[in-house]
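Worksheet: one structure, shown below.
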Amino acid sequence: MTTTGHHRAGAAALLALALSAPLLGAAPAAAAHTPRPPSRVAPANALELPDPTGPYAVGRRTLHLVDHHRTDPWVPSAGDRELMVSVTYPSRPATGSPAPYMTTEEARLLLEARGLDGLVPPETVARTGTHEREGASPARGRFPLVLLSPGFSMPRTTLTSIAEDLTSRGYVVASVDHAYESVGTAFPGGRVLTCAACEQVERDEKWADAVRGRAEDMSFVIDELTHGRKAGALSRLIDTRRIGMAGHSIGGAAAAATMAGDRRVRAGADLDGDFFVSPAATGLGGRPFMMLGAEDLHSPGGATGDWPDAWKHLEGWKRWLTVAGAGHFSFTDLPYLADRLGLSDAAVPLPSEQGWHITRDYVAAFFDLHLRGIPQPLLDGPSARYPEVVFRRP
């Protein structure tokens, strides 16, 4: 199969994973043999995200940003490109009010897309306990900025636990929803935009266009957070000399594409995503990049995607790490929450808690090293604590 063919096969597989796999995100073939979950999860089940590990309390502001210089690529009749951005920032304790995980309608659409409507009450997911407080007073200081972009069809909320943990360690984090690219995202005016892009990308194979579009979105977000009027006092918290980006699935591809087009982004991480833009991972100019993915999907030799091509083009500090037993969604909130609902997936043997610890610690170590200059032995070689993580040097 040609490189383009691999791209298309991988892209189709990722879309299938996003839209039709169980909540934990097993591959479709494995999912077909996974036992059906219970007929209904009790509404009384309380969910809560894992505790952040850093010393800072976590504040949050939600921004609706509109790029008046670009028309939405998926629904041109909608007009200007819109984004919803959750900005979490180090805050003063006991200020602000508890921040919700997502709206009930967003939760309903997510569950419906994953075949769990009628099994899990959307209110249960929507009311997941976060560690964020809306409108909390900012802590003193200036902090590195990390941008987060979710997987295709997934809302930004699926990366909330990563955002909270990084923020607690002293980062401002901007988690971005790209209009018409998730199964459901609430926008102002009572609008809930759904995934108009999903059918278009599958039909027209516009994966590279989607990646480039997200890169433009992210550069616009940086502009708005550092100089825009809507950011207000948030801009004073950001150290513009220390900006990084990470993303899951196509969001990881967007991290590389954003770096290629925007020199302000100093370091990037891809969580289990192909790059889609060919040649992969070019134009980074020696800036550091980490690829962290599931062993079954992204091991050298067995990979159907473009990580081998990306590895050849990365000229600076780089790591290719694979996690044994992980699934595509093991780097998001979904397995952790599913496990607490009794919806663990036998096709993904990595325990959800271990998957969360691996994601949390390797992502934080990467940004601590490259945005703060703090040595990170975890990134130097195999760890006894995380035997599932293999350092690849093809």
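Chain labels run A, B, ... following the order of the structure tokens; each chain numbers its residues from 1, and ligands are numbered from 1 in the order shown.
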Worksheet entry | Per-residue DSSP, range 76-245 of chain A, filtered to alpha helix (DSSP H), as a ChimeraX atom specification | /A:104-113,122-126,160-168,196-204,207-227
Discussion item. Could you go through range 112-293 of chain A and tell me which residues DSSP, when run on the backbone, assigns to strand (DSSP E or B), listing them as JSON, numbers by chain?
Written reply: {"A": [129, 132, 133, 134, 138, 143, 144, 145, 146, 147, 148, 149, 153, 172, 173, 174, 175, 176, 177, 178, 182, 185, 186, 187, 191, 192, 193, 238, 239, 240, 241, 242, 243, 244, 245, 246, 247, 248, 265, 266, 267, 268, 269, 270, 271, 289, 290, 291, 292, 293]}
Worksheet item: Counting only C-alpha atoms, which of A:Ala215, A:Leu110, A:Val277, A:Leu337 gets nearest to Pro50 in chain A?
Response: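 Smallest distance to Pro50 in chain A is found for A:Leu337.
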Item to complete: Tell me, as a PyMOL selection string, which residues lie within 9 Å of Arg214 in chain A, counting only C-alpha atoms; anything in the same chain fewer than 6 positions away does not count.
Response: chain A and resi 149+178+251+254-255+257-258
Could the residues in this selection be saved with C-alpha atoms as a tab-separated table (two decimals), in the first residue's frame?
chain	number	residue	atom	x	y	z
A	149	SER	CA	-6.86	19.87	20.54
A	178	HIS	CA	-13.36	23.39	16.53
A	251	GLY	CA	-5.37	16.89	17.47
A	254	ALA	CA	-2.61	19.56	14.48
A	255	ALA	CA	0.13	20.05	17.08
A	257	ALA	CA	1.06	21.39	11.81
A	258	THR	CA	0.67	24.33	14.20
Return as a Markdown table the residues of range 188-289 of chain A lying at most 10 Å from range 297-316 of chain A, together with the closest atom-to-atom pair for each and the distance in Å to one decimal, counting only C-alpha atoms, with rows in chain order and ascending residue number.
| residue | atom | partner | partner_atom | distance |
| --- | --- | --- | --- | --- |
| A:Ala256 | CA | A:Ala310 | CA | 9.7 |
| A:Asp272 | CA | A:His298 | CA | 7.4 |
| A:Gly273 | CA | A:Gly305 | CA | 8.7 |
| A:Asp274 | CA | A:Gly305 | CA | 5.8 |
| A:Phe275 | CA | A:Asp306 | CA | 6.5 |
| A:Phe276 | CA | A:Asp306 | CA | 7.5 |
| A:Val277 | CA | A:Asp306 | CA | 9.3 |
| A:Ser278 | CA | A:Asp306 | CA | 8.8 |
| A:Pro279 | CA | A:Asp309 | CA | 7.3 |
| A:Ala280 | CA | A:Ala310 | CA | 4.7 |
| A:Ala281 | CA | A:Ala310 | CA | 4.9 |
| A:Thr282 | CA | A:His313 | CA | 5.7 |
| A:Gly283 | CA | A:His313 | CA | 8.6 |
| A:Leu284 | CA | A:Leu314 | CA | 7.3 |
| A:Gly285 | CA | A:Glu315 | CA | 6.9 |
| A:Gly286 | CA | A:Gly316 | CA | 3.8 |
| A:Arg287 | CA | A:Gly316 | CA | 5.4 |
| A:Pro288 | CA | A:Gly316 | CA | 5.5 |
| A:Phe289 | CA | A:Leu314 | CA | 7.5 |
May I have the residues from that selection written out with C-alpha atoms, as a PDB file, in the first residue's frame?
ATOM      1  CA  ALA A 256       2.807  19.309  14.481  1.00  0.00           C
ATOM      2  CA  ASP A 272      -1.908   8.420  19.300  1.00  0.00           C
ATOM      3  CA  GLY A 273      -2.623  10.355  16.134  1.00  0.00           C
ATOM      4  CA  ASP A 274      -1.396   9.995  12.555  1.00  0.00           C
ATOM      5  CA  PHE A 275      -0.047  13.157  10.931  1.00  0.00           C
ATOM      6  CA  PHE A 276      -2.098  13.107   7.692  1.00  0.00           C
ATOM      7  CA  VAL A 277      -0.081  15.974   6.162  1.00  0.00           C
ATOM      8  CA  SER A 278       2.642  14.645   3.873  1.00  0.00           C
ATOM      9  CA  PRO A 279       5.573  14.706   4.344  1.00  0.00           C
ATOM     10  CA  ALA A 280       4.873  14.151   8.021  1.00  0.00           C
ATOM     11  CA  ALA A 281       6.298  16.365  10.775  1.00  0.00           C
ATOM     12  CA  THR A 282       8.312  18.682   8.551  1.00  0.00           C
ATOM     13  CA  GLY A 283       8.987  22.335   9.231  1.00  0.00           C
ATOM     14  CA  LEU A 284       9.533  22.065  12.980  1.00  0.00           C
ATOM     15  CA  GLY A 285      13.054  23.439  12.693  1.00  0.00           C
ATOM     16  CA  GLY A 286      14.599  21.280  15.407  1.00  0.00           C
ATOM     17  CA  ARG A 287      11.953  22.031  18.036  1.00  0.00           C
ATOM     18  CA  PRO A 288      11.150  19.093  20.378  1.00  0.00           C
ATOM     19  CA  PHE A 289       8.316  16.693  19.622  1.00  0.00           C
TER      20      PHE A 289
END
Which residues come within 10 Å of Arg241 in chain A, counting only C-alpha atoms, excluding same-chain residues fewer than 5 positions away, as a CSV table (one decimal) with N, CA and C atoms, in the first residue's frame?
chain,number,residue,atom,x,y,z
A,143,PHE,N,2.9,32.2,33.5
A,143,PHE,CA,2.9,30.7,33.4
A,143,PHE,C,3.0,30.3,31.9
A,144,PRO,N,3.7,29.2,31.6
A,144,PRO,CA,3.7,28.7,30.2
A,144,PRO,C,2.2,28.4,29.8
A,145,LEU,N,2.0,28.5,28.5
A,145,LEU,CA,0.7,28.2,27.9
A,145,LEU,C,0.8,26.9,27.1
A,264,ARG,N,5.9,30.5,17.4
A,264,ARG,CA,5.7,30.7,18.8
A,264,ARG,C,5.5,29.4,19.6
A,265,VAL,N,5.1,28.3,18.9
A,265,VAL,CA,4.9,27.1,19.6
A,265,VAL,C,6.3,26.3,19.7
A,266,ARG,N,6.8,26.2,20.9
A,266,ARG,CA,8.1,25.7,21.1
A,266,ARG,C,8.3,24.2,21.2
A,371,LEU,N,9.5,23.5,28.3
A,371,LEU,CA,9.0,24.8,28.5
A,371,LEU,C,9.6,25.4,29.8
Item to complete: Determine, counting only C-alpha atoms, which protein, DNA and RNA residues have an atom within 7 Å of an atom of Phe331 in chain A; residues of the same chain fewer than 4 positions away are not included. Present the result as number ranges by chain.
Response: A: 271, 355-356, 359
Just to be explicit: take each residue in the selection above, keep all heavy atoms, and write the result as a CSV table (one decimal), in the first residue's frame.
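Saved result, part_39.csv, follows:
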chain,number,residue,atom,x,y,z
A,271,LEU,N,-0.7,12.5,20.8
A,271,LEU,CA,-1.2,11.4,21.6
A,271,LEU,C,-2.0,10.5,20.7
A,271,LEU,O,-3.2,10.7,20.4
A,271,LEU,CB,-2.1,11.9,22.8
A,271,LEU,CG,-1.4,12.9,23.7
A,271,LEU,CD1,-2.4,13.3,24.8
A,271,LEU,CD2,-0.1,12.4,24.3
A,355,GLY,N,-3.4,3.9,32.6
A,355,GLY,CA,-3.4,4.7,31.4
A,355,GLY,C,-3.4,6.2,31.7
A,355,GLY,O,-2.7,7.0,31.0
A,356,TRP,N,-4.2,6.6,32.6
A,356,TRP,CA,-4.3,8.0,33.0
A,356,TRP,C,-2.9,8.4,33.6
A,356,TRP,O,-2.4,9.5,33.3
A,356,TRP,CB,-5.4,8.2,34.1
A,356,TRP,CG,-5.2,9.4,35.0
A,356,TRP,CD1,-5.1,9.4,36.3
A,356,TRP,CD2,-5.0,10.8,34.5
A,356,TRP,NE1,-4.9,10.7,36.8
A,356,TRP,CE2,-4.8,11.5,35.7
A,356,TRP,CE3,-5.0,11.4,33.3
A,356,TRP,CZ2,-4.6,12.9,35.7
A,356,TRP,CZ3,-4.7,12.8,33.3
A,356,TRP,CH2,-4.6,13.5,34.4
A,359,THR,N,-0.3,8.9,30.8
A,359,THR,CA,-0.6,10.1,30.0
A,359,THR,C,-0.2,11.3,30.8
A,359,THR,O,0.5,12.2,30.4
A,359,THR,CB,-2.1,10.2,29.6
A,359,THR,OG1,-2.4,9.0,28.9
A,359,THR,CG2,-2.3,11.4,28.7
Item to complete: For CA of Ala246 in chain A and CA of Thr124 in chain A, determine how far apart the two atoms are, in Å to one decimal place.
Response: 28.0 Å
Discussion item. So, with only C-alpha atoms as the atoms that count, which of A:Leu159, A:Ala208, A:Ala231, A:Leu147 lies closest to Gly244 in chain A?
Written reply: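 Checking each of A:Leu159, A:Ala208, A:Ala231, A:Leu147 against Gly244 in chain A, counting only C-alpha atoms, the winner is A:Leu147.
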